[in-house]
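Input: a single structure, listed below in C-alpha cells.
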Amino acid sequence: MNSDYAADAARACDHFDEWQDAHGVRMHWRRFFELESAVELAGKQGDADRQIRDNGITYNVYADTRLGPARPWSLDILPFILDDADWRHIASGVSQRARLLNQMLADLYGEQTLLQQGVLPTELVLGHPGYVRALKGHRPAGGVFLHIVAFDLARHPNGRWCVVSQRTQAPSGLGYALENRLIVSRLFPEAFRQLRVQHLASSYRQLLATLSQLSPPTPRQSAPRMVLLTPGPYNETYFEHAYLARYLGIPLVEGSDLTVRGDELFLKTLTGLTPVQVVLRRLDDNYCDPLELRSDSTLGVPGLLQAVRAGKVLVANALGSSFLESPGLHAFLPGVSQALLGEPLQLPSLLSWWCGEDAALVEALECLSQRVIKPTYPAASPREHMEPVLASQLDTASLHAWRERILRQPGDFTLQENVPLSQAPIWRHGHIAAHPAMLRVFAIADGQGGWQVMPGGLTRVADEPDQPVVSMQRGGSSLDTWVLTQG
C-alpha cells in the first residue's frame, strides 16, 4: 500500500508531504491507522459513495458532457489532518485577515484614507466593477461588512501556509464541509473520538447568533426573519444552498420570492407579505438589485439597495465586497495591515505582482514562465471569463503572445508565483495515493469585532497526482478536514 504512495511522492519531491516526514509516516496518521483498519477502506469508500447518492449531494459541472451537469459530489474518505500547532497558526492568521478585510471595507466605503495616502491604488478599488458607489457612506449594523469570509490556503514546500485567494461576497463551501464531516466521522468513529477532532457545529450557531444580533429591529420584539437567497437550481452549488438553509432552519428563496415595498423587504407567502430582516445571500453582488446594479439580472430583488441604505434589512455579506477578491490586492495587503492594524500579516499571500504598476510589471515579466497569470477584474460576461494560466505549461509562441497581451493592457492582469501544492494522502483504486491539496478555511464574525475560525474547512484535491491546479469543475474531489486538539 505504501509503495504506491511512495511512487506518487517521488514524482512530486518538491512538494510538502502531508503523509510523511523525514522520520516516516507522521504521528497523527500512525495513530489513525492504529485505530482504524486499512483493509476496510475499499468498503468504506463504497459506503460514502452510496450515502452521497442517497442524500442527493450534487455539484453542478456545466462543461461535463459525460456525466451531465448535476454530478454527484466527490468525497474521498481519508480526512485531511491538521495538528494543534498547525491549526493555531492558521486560525490566528485567518482571524487577523478577516479583521483586516472588514476594516478595509469600512475605510473604502467611508473616509478612503487608504486611497488618499496611496496605500492602495485607486484603480484597484474605484476602477473595479465590484465597488458599489451607491453604498459610499453606508455603514452596516455594528460596522460589520463581512459576516463570513473564506480563504484558500496552500502549503509551501517549506511547510509554511500562504493565502492563494479570499472569498468575500458569497463564500461557498460551508454546507459541503458539514456534509463531509457527517459522512466521514461515521465511517471512522473510533479515530474521530480518540484523535480528539474538533467539532464544527459551534461555527454555524455563531453565524445565526451574529445575524440575529445585528438584525434591524423587529416588530413586537419577535425573532428576526432570515432567508437564504439563492440564484436557483442551475447554480453549481445549489445543493449546498438548500442543505445549508435546512440546517440553519431558514427559508431558501429566489429573488422572485422577495419584494421591496417602501424601504422594507418582504417574503411573498400564501398568507400575504411577511417582513424579512436578514438576507444570507449566495448571489453575486452585481445580480442582487436590477434597479441599481446589473439591469439585466432576473435573479435579484429590485430596490434591495434602498432597503439596505434605509437600515431595514441586513445583507450578509454586505453588498459591494467583491472587489476584495481581486488577486491584484494581495501585493498591497502587507502595507494595508500596517496602516489599519499597525501589525504585520501573520499569514502571507502568494507573491503577487499587479501589472498596473510599472515597477511590478517589469519585475514580473522577467520570470513570466514561472508565474500564474490571473485576471485582475471579473469578466463582463461568462463568455469572456478567463481561467488562471500556468505560464510554465505554455510553449514559446504562446508565452510571447501572453507577454504582448499583458503589455497592451497591464492593469487587467496580475501575476502570482507558482507554488507546488502539498501532497495529501487519498484512497484511490485500492491504495493510498498522493494528490495536490488546497484548504479552504472559514471565519465567522461575532458581531463585536472578533472572529471565530471554523476548526476544519473544505479541503479540495486534484484529480491526478501531477495536476498543478485544484478545481472541482475540473474533476477534483474533497476531503473532510480534521483539526486535532490536545484539550
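Residue numbers start at 1 in each chain; chains themselves are named A, B, ... in the order of the C-alpha cells; ligands are numbered from 1 in the order shown.
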Which of stretch 301-432 of chain A DSSP labels alpha helix (DSSP H), written as an NGL selection string: :A and (304-309 or 333-340 or 358-366 or 396-408)
Distance query A:Phe188 at most 12 Å, only C-alpha atoms, self and fewer than 2 positions along chain excluded, as a ChimeraX atom specification: /A:32-38,40-41,44-45,47-48,77-79,181-186,190-195,197,480,482
Stretch 156-207 of chain A: residues DSSP assigns to strand (DSSP E or B), reported as a PyMOL selection string: chain A and resi 161-167+197
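Using only C-alpha atoms, the residues found no farther than 8 Å from A:Ser297, other than those of its own chain fewer than 6 positions away, are Tyr287, Cys288, Asp289 and Pro290 of chain A.
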How would the residues just picked look written out with all heavy atoms as a PDB file, in the first residue's frame?
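Done, and the output landed in result.pdb:
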ATOM      1  N   TYR A 287     -25.747  40.978  -9.298  1.00  0.00           N
ATOM      2  CA  TYR A 287     -27.049  40.411  -9.677  1.00  0.00           C
ATOM      3  C   TYR A 287     -28.138  40.715  -8.644  1.00  0.00           C
ATOM      4  O   TYR A 287     -29.303  40.369  -8.869  1.00  0.00           O
ATOM      5  CB  TYR A 287     -26.948  38.895  -9.842  1.00  0.00           C
ATOM      6  CG  TYR A 287     -26.177  38.462 -11.066  1.00  0.00           C
ATOM      7  CD1 TYR A 287     -24.832  38.129 -10.978  1.00  0.00           C
ATOM      8  CD2 TYR A 287     -26.796  38.386 -12.318  1.00  0.00           C
ATOM      9  CE1 TYR A 287     -24.116  37.729 -12.100  1.00  0.00           C
ATOM     10  CE2 TYR A 287     -26.089  37.984 -13.444  1.00  0.00           C
ATOM     11  CZ  TYR A 287     -24.745  37.667 -13.321  1.00  0.00           C
ATOM     12  OH  TYR A 287     -24.046  37.285 -14.442  1.00  0.00           O
ATOM     13  N   CYS A 288     -27.773  41.350  -7.522  1.00  0.00           N
ATOM     14  CA  CYS A 288     -28.710  41.432  -6.397  1.00  0.00           C
ATOM     15  C   CYS A 288     -29.823  42.457  -6.562  1.00  0.00           C
ATOM     16  O   CYS A 288     -30.886  42.312  -5.964  1.00  0.00           O
ATOM     17  CB  CYS A 288     -27.937  41.711  -5.102  1.00  0.00           C
ATOM     18  SG  CYS A 288     -27.064  40.267  -4.464  1.00  0.00           S
ATOM     19  N   ASP A 289     -29.586  43.506  -7.351  1.00  0.00           N
ATOM     20  CA  ASP A 289     -30.604  44.553  -7.496  1.00  0.00           C
ATOM     21  C   ASP A 289     -30.570  45.105  -8.914  1.00  0.00           C
ATOM     22  O   ASP A 289     -29.680  45.899  -9.255  1.00  0.00           O
ATOM     23  CB  ASP A 289     -30.345  45.679  -6.487  1.00  0.00           C
ATOM     24  CG  ASP A 289     -31.446  46.744  -6.494  1.00  0.00           C
ATOM     25  OD1 ASP A 289     -32.254  46.763  -7.441  1.00  0.00           O
ATOM     26  OD2 ASP A 289     -31.495  47.553  -5.552  1.00  0.00           O
ATOM     27  N   PRO A 290     -31.516  44.713  -9.773  1.00  0.00           N
ATOM     28  CA  PRO A 290     -31.502  45.180 -11.166  1.00  0.00           C
ATOM     29  C   PRO A 290     -31.770  46.677 -11.311  1.00  0.00           C
ATOM     30  O   PRO A 290     -31.501  47.244 -12.372  1.00  0.00           O
ATOM     31  CB  PRO A 290     -32.604  44.351 -11.825  1.00  0.00           C
ATOM     32  CG  PRO A 290     -33.497  43.921 -10.710  1.00  0.00           C
ATOM     33  CD  PRO A 290     -32.610  43.763  -9.522  1.00  0.00           C
TER      34      PRO A 290
END
Shell around A:Phe266 at 6 Å using only C-alpha atoms, local window under 4 positions removed, as a list of chain:residue names: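 The residues satisfying every condition are A:Leu258, A:Thr259, A:Leu273, A:Thr274, A:Pro275, A:Val276.
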Output N, CA, C and O atoms for every residue in that selection, as a PDB file, in the first residue's frame.
ATOM      1  N   LEU A 258     -39.113  37.495  -3.199  1.00  0.00           N
ATOM      2  CA  LEU A 258     -38.985  38.660  -2.342  1.00  0.00           C
ATOM      3  C   LEU A 258     -39.445  39.906  -3.087  1.00  0.00           C
ATOM      4  O   LEU A 258     -39.393  39.971  -4.317  1.00  0.00           O
ATOM      5  N   THR A 259     -39.861  40.905  -2.347  1.00  0.00           N
ATOM      6  CA  THR A 259     -40.249  42.176  -2.936  1.00  0.00           C
ATOM      7  C   THR A 259     -39.966  43.298  -1.945  1.00  0.00           C
ATOM      8  O   THR A 259     -39.999  43.078  -0.726  1.00  0.00           O
ATOM      9  N   LEU A 273     -47.738  39.147   2.532  1.00  0.00           N
ATOM     10  CA  LEU A 273     -46.344  39.575   2.627  1.00  0.00           C
ATOM     11  C   LEU A 273     -45.866  39.529   4.077  1.00  0.00           C
ATOM     12  O   LEU A 273     -46.537  40.032   4.972  1.00  0.00           O
ATOM     13  N   THR A 274     -44.678  38.918   4.273  1.00  0.00           N
ATOM     14  CA  THR A 274     -44.084  38.809   5.608  1.00  0.00           C
ATOM     15  C   THR A 274     -42.761  39.556   5.618  1.00  0.00           C
ATOM     16  O   THR A 274     -41.906  39.313   4.758  1.00  0.00           O
ATOM     17  N   PRO A 275     -42.549  40.478   6.574  1.00  0.00           N
ATOM     18  CA  PRO A 275     -41.289  41.245   6.614  1.00  0.00           C
ATOM     19  C   PRO A 275     -40.079  40.335   6.791  1.00  0.00           C
ATOM     20  O   PRO A 275     -40.123  39.340   7.518  1.00  0.00           O
ATOM     21  N   VAL A 276     -38.991  40.684   6.116  1.00  0.00           N
ATOM     22  CA  VAL A 276     -37.712  39.974   6.221  1.00  0.00           C
ATOM     23  C   VAL A 276     -36.661  40.957   6.705  1.00  0.00           C
ATOM     24  O   VAL A 276     -36.535  42.053   6.167  1.00  0.00           O
TER      25      VAL A 276
END
Can you check which parts of stretch 272-340 of chain A lie within 9 Å of stretch 207-227 of chain A? Per residue, the shortest pair of atoms and distance in Å to one decimal, counting only C-alpha atoms, sorted by chain and number, as a tab-separated table.
residue	atom	partner	partner_atom	distance
A:Thr274	CA	A:Arg225	CA	8.6
A:Pro275	CA	A:Arg225	CA	7.2
A:Val276	CA	A:Arg225	CA	5.1
A:Gln277	CA	A:Arg225	CA	5.6
A:Val278	CA	A:Met226	CA	4.6
A:Val279	CA	A:Val227	CA	5.2
A:Leu280	CA	A:Val227	CA	6.1
A:Arg281	CA	A:Val227	CA	8.2
A:Gly311	CA	A:Pro216	CA	6.8
A:Lys312	CA	A:Pro216	CA	5.9
A:Val313	CA	A:Pro216	CA	6.2
A:Leu314	CA	A:Ser215	CA	6.0
A:Ala316	CA	A:Leu211	CA	8.0
Restricting it to N, CA, C and O atoms, dump the selection as an mmCIF file, in the first residue's frame.
data_model
loop_
_atom_site.group_PDB
_atom_site.id
_atom_site.type_symbol
_atom_site.label_atom_id
_atom_site.label_comp_id
_atom_site.auth_asym_id
_atom_site.auth_seq_id
_atom_site.Cartn_x
_atom_site.Cartn_y
_atom_site.Cartn_z
ATOM 1 N N THR A 274 -44.678 38.918 4.273
ATOM 2 C CA THR A 274 -44.084 38.809 5.608
ATOM 3 C C THR A 274 -42.761 39.556 5.618
ATOM 4 O O THR A 274 -41.906 39.313 4.758
ATOM 5 N N PRO A 275 -42.549 40.478 6.574
ATOM 6 C CA PRO A 275 -41.289 41.245 6.614
ATOM 7 C C PRO A 275 -40.079 40.335 6.791
ATOM 8 O O PRO A 275 -40.123 39.340 7.518
ATOM 9 N N VAL A 276 -38.991 40.684 6.116
ATOM 10 C CA VAL A 276 -37.712 39.974 6.221
ATOM 11 C C VAL A 276 -36.661 40.957 6.705
ATOM 12 O O VAL A 276 -36.535 42.053 6.167
ATOM 13 N N GLN A 277 -35.908 40.569 7.730
ATOM 14 C CA GLN A 277 -34.888 41.456 8.286
ATOM 15 C C GLN A 277 -33.457 41.077 7.892
ATOM 16 O O GLN A 277 -32.570 41.919 7.895
ATOM 17 N N VAL A 278 -33.230 39.796 7.556
ATOM 18 C CA VAL A 278 -31.867 39.331 7.274
ATOM 19 C C VAL A 278 -31.868 38.494 5.999
ATOM 20 O O VAL A 278 -32.703 37.586 5.848
ATOM 21 N N VAL A 279 -30.930 38.790 5.093
ATOM 22 C CA VAL A 279 -30.741 38.002 3.874
ATOM 23 C C VAL A 279 -29.330 37.444 3.884
ATOM 24 O O VAL A 279 -28.349 38.197 3.832
ATOM 25 N N LEU A 280 -29.205 36.131 3.997
ATOM 26 C CA LEU A 280 -27.927 35.444 3.839
ATOM 27 C C LEU A 280 -27.840 35.076 2.364
ATOM 28 O O LEU A 280 -28.584 34.221 1.893
ATOM 29 N N ARG A 281 -26.971 35.738 1.639
ATOM 30 C CA ARG A 281 -27.022 35.605 0.176
ATOM 31 C C ARG A 281 -25.979 34.639 -0.373
ATOM 32 O O ARG A 281 -24.866 34.532 0.158
ATOM 33 N N GLY A 311 -31.504 50.884 6.314
ATOM 34 C CA GLY A 311 -31.282 50.140 7.552
ATOM 35 C C GLY A 311 -32.400 49.185 7.901
ATOM 36 O O GLY A 311 -32.504 48.736 9.047
ATOM 37 N N LYS A 312 -33.248 48.838 6.907
ATOM 38 C CA LYS A 312 -34.392 47.970 7.187
ATOM 39 C C LYS A 312 -34.085 46.491 6.949
ATOM 40 O O LYS A 312 -34.892 45.631 7.303
ATOM 41 N N VAL A 313 -32.924 46.206 6.341
ATOM 42 C CA VAL A 313 -32.577 44.808 6.092
ATOM 43 C C VAL A 313 -31.056 44.663 6.179
ATOM 44 O O VAL A 313 -30.306 45.561 5.787
ATOM 45 N N LEU A 314 -30.619 43.542 6.743
ATOM 46 C CA LEU A 314 -29.207 43.198 6.820
ATOM 47 C C LEU A 314 -28.901 42.179 5.734
ATOM 48 O O LEU A 314 -29.551 41.135 5.668
ATOM 49 N N ALA A 316 -25.967 39.719 4.268
ATOM 50 C CA ALA A 316 -24.694 39.097 4.638
ATOM 51 C C ALA A 316 -24.206 38.215 3.480
ATOM 52 O O ALA A 316 -24.927 37.330 3.054
#
Shell around A:Ala437 at 7 Å using only C-alpha atoms, local window under 5 positions removed, as number ranges by chain: A: 421-424, 459-462, 470
Distance query A:Val260 at most 10 Å, only C-alpha atoms, self and fewer than 2 positions along chain excluded, as a PyMOL selection string: chain A and resi 258+262-267+275-276+301-307
Could you write out that same residue set with N, CA, C and O atoms as a compact mmCIF listing (two decimals), in the first residue's frame?
# COMPACT_ATOMS: atom_id res chain seq x y z
N LEU A 258 -39.11 37.49 -3.20
CA LEU A 258 -38.99 38.66 -2.34
C LEU A 258 -39.44 39.91 -3.09
O LEU A 258 -39.39 39.97 -4.32
N GLY A 262 -41.82 50.26 -0.23
CA GLY A 262 -41.25 51.36 0.54
C GLY A 262 -39.77 51.10 0.73
O GLY A 262 -39.03 50.92 -0.24
N ASP A 263 -39.32 51.05 1.96
CA ASP A 263 -37.93 50.73 2.28
C ASP A 263 -37.78 49.36 2.93
O ASP A 263 -36.71 49.05 3.45
N GLU A 264 -38.82 48.56 2.91
CA GLU A 264 -38.79 47.27 3.61
C GLU A 264 -38.81 46.11 2.63
O GLU A 264 -39.39 46.20 1.54
N LEU A 265 -38.19 45.02 3.06
CA LEU A 265 -38.14 43.80 2.26
C LEU A 265 -39.18 42.82 2.79
O LEU A 265 -39.31 42.64 4.00
N PHE A 266 -39.89 42.15 1.86
CA PHE A 266 -40.94 41.21 2.25
C PHE A 266 -40.77 39.89 1.51
O PHE A 266 -40.31 39.86 0.35
N LEU A 267 -41.20 38.83 2.18
CA LEU A 267 -41.28 37.50 1.58
C LEU A 267 -42.72 37.25 1.18
O LEU A 267 -43.65 37.46 1.96
N PRO A 275 -42.55 40.48 6.57
CA PRO A 275 -41.29 41.25 6.61
C PRO A 275 -40.08 40.34 6.79
O PRO A 275 -40.12 39.34 7.52
N VAL A 276 -38.99 40.68 6.12
CA VAL A 276 -37.71 39.97 6.22
C VAL A 276 -36.66 40.96 6.71
O VAL A 276 -36.53 42.05 6.17
N VAL A 301 -33.46 41.34 -6.43
CA VAL A 301 -34.66 41.94 -5.87
C VAL A 301 -34.63 43.44 -6.17
O VAL A 301 -33.79 44.16 -5.61
N PRO A 302 -35.49 43.96 -7.02
CA PRO A 302 -35.50 45.40 -7.30
C PRO A 302 -35.73 46.22 -6.03
O PRO A 302 -36.63 45.93 -5.25
N GLY A 303 -34.86 47.19 -5.80
CA GLY A 303 -35.00 48.05 -4.62
C GLY A 303 -34.24 47.56 -3.40
O GLY A 303 -34.31 48.20 -2.34
N LEU A 304 -33.49 46.45 -3.52
CA LEU A 304 -32.81 45.89 -2.34
C LEU A 304 -31.79 46.88 -1.77
O LEU A 304 -31.68 47.02 -0.54
N LEU A 305 -31.05 47.59 -2.63
CA LEU A 305 -30.07 48.54 -2.12
C LEU A 305 -30.72 49.66 -1.31
O LEU A 305 -30.15 50.11 -0.31
N GLN A 306 -31.89 50.10 -1.74
CA GLN A 306 -32.57 51.16 -0.99
C GLN A 306 -32.97 50.67 0.40
O GLN A 306 -32.84 51.39 1.38
N ALA A 307 -33.43 49.42 0.49
CA ALA A 307 -33.79 48.86 1.79
C ALA A 307 -32.55 48.72 2.68
O ALA A 307 -32.61 48.93 3.90
Counting only C-alpha atoms, which residues of stretch 189-297 of chain A sit at most 12 Å from some atom of stretch 51-56 of chain A, and what is each one's closest atom pair with its distance in Å to one decimal, listed by chain and rising residue number, as CSV?
residue,atom,partner,partner_atom,distance
A:Tyr238,CA,A:Gly56,CA,11.4
A:Phe239,CA,A:Gly56,CA,8.1
A:Glu240,CA,A:Gly56,CA,10.7
A:Ala242,CA,A:Gly56,CA,11.2
A:Tyr243,CA,A:Asn55,CA,10.1
Output N, CA and C atoms for every residue in that selection, as a short mmCIF file (atom, residue, chain, number, x, y, z; two decimals), in the first residue's frame.
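Heads up, here's the output in again-v1.cif:
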data_model
loop_
_atom_site.label_atom_id
_atom_site.label_comp_id
_atom_site.auth_asym_id
_atom_site.auth_seq_id
_atom_site.Cartn_x
_atom_site.Cartn_y
_atom_site.Cartn_z
N TYR A 238 -25.98 24.66 -5.87
CA TYR A 238 -27.36 24.79 -5.40
C TYR A 238 -27.68 23.80 -4.29
N PHE A 239 -27.16 22.57 -4.38
CA PHE A 239 -27.42 21.61 -3.30
C PHE A 239 -27.00 22.20 -1.95
N GLU A 240 -25.83 22.84 -1.94
CA GLU A 240 -25.35 23.40 -0.68
C GLU A 240 -26.28 24.48 -0.16
N ALA A 242 -29.52 24.70 -0.53
CA ALA A 242 -30.70 24.05 0.07
C ALA A 242 -30.33 23.36 1.38
N TYR A 243 -29.19 22.70 1.40
CA TYR A 243 -28.77 21.96 2.59
C TYR A 243 -28.49 22.92 3.75
#
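Coordinates place atom CA of A:Gly130 at a distance of 23.6 Å from atom CA of A:Val253.
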Which residue of A:Ala154, A:Leu329, A:Ala359, A:Met454 approaches A:Phe16 most closely, using only C-alpha atoms: A:Ala154
Atomic distance atom CA of A:Ile444 - atom CA of A:Gln112, expressed in Å with one decimal: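 According to the coordinates, atom CA of A:Ile444 and atom CA of A:Gln112 are separated by 25.2 Å.
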Among the residues A:Asp285, A:Asp466, A:Glu366, A:Asp17, the one that comes closest to A:Tyr131 [using only C-alpha atoms]: A:Asp285
Selected residue, from A:Ala379, A:Asn158, A:Ser256, A:Asn180, that lies nearest to A:Asp21 when counting only C-alpha atoms: A:Asn158
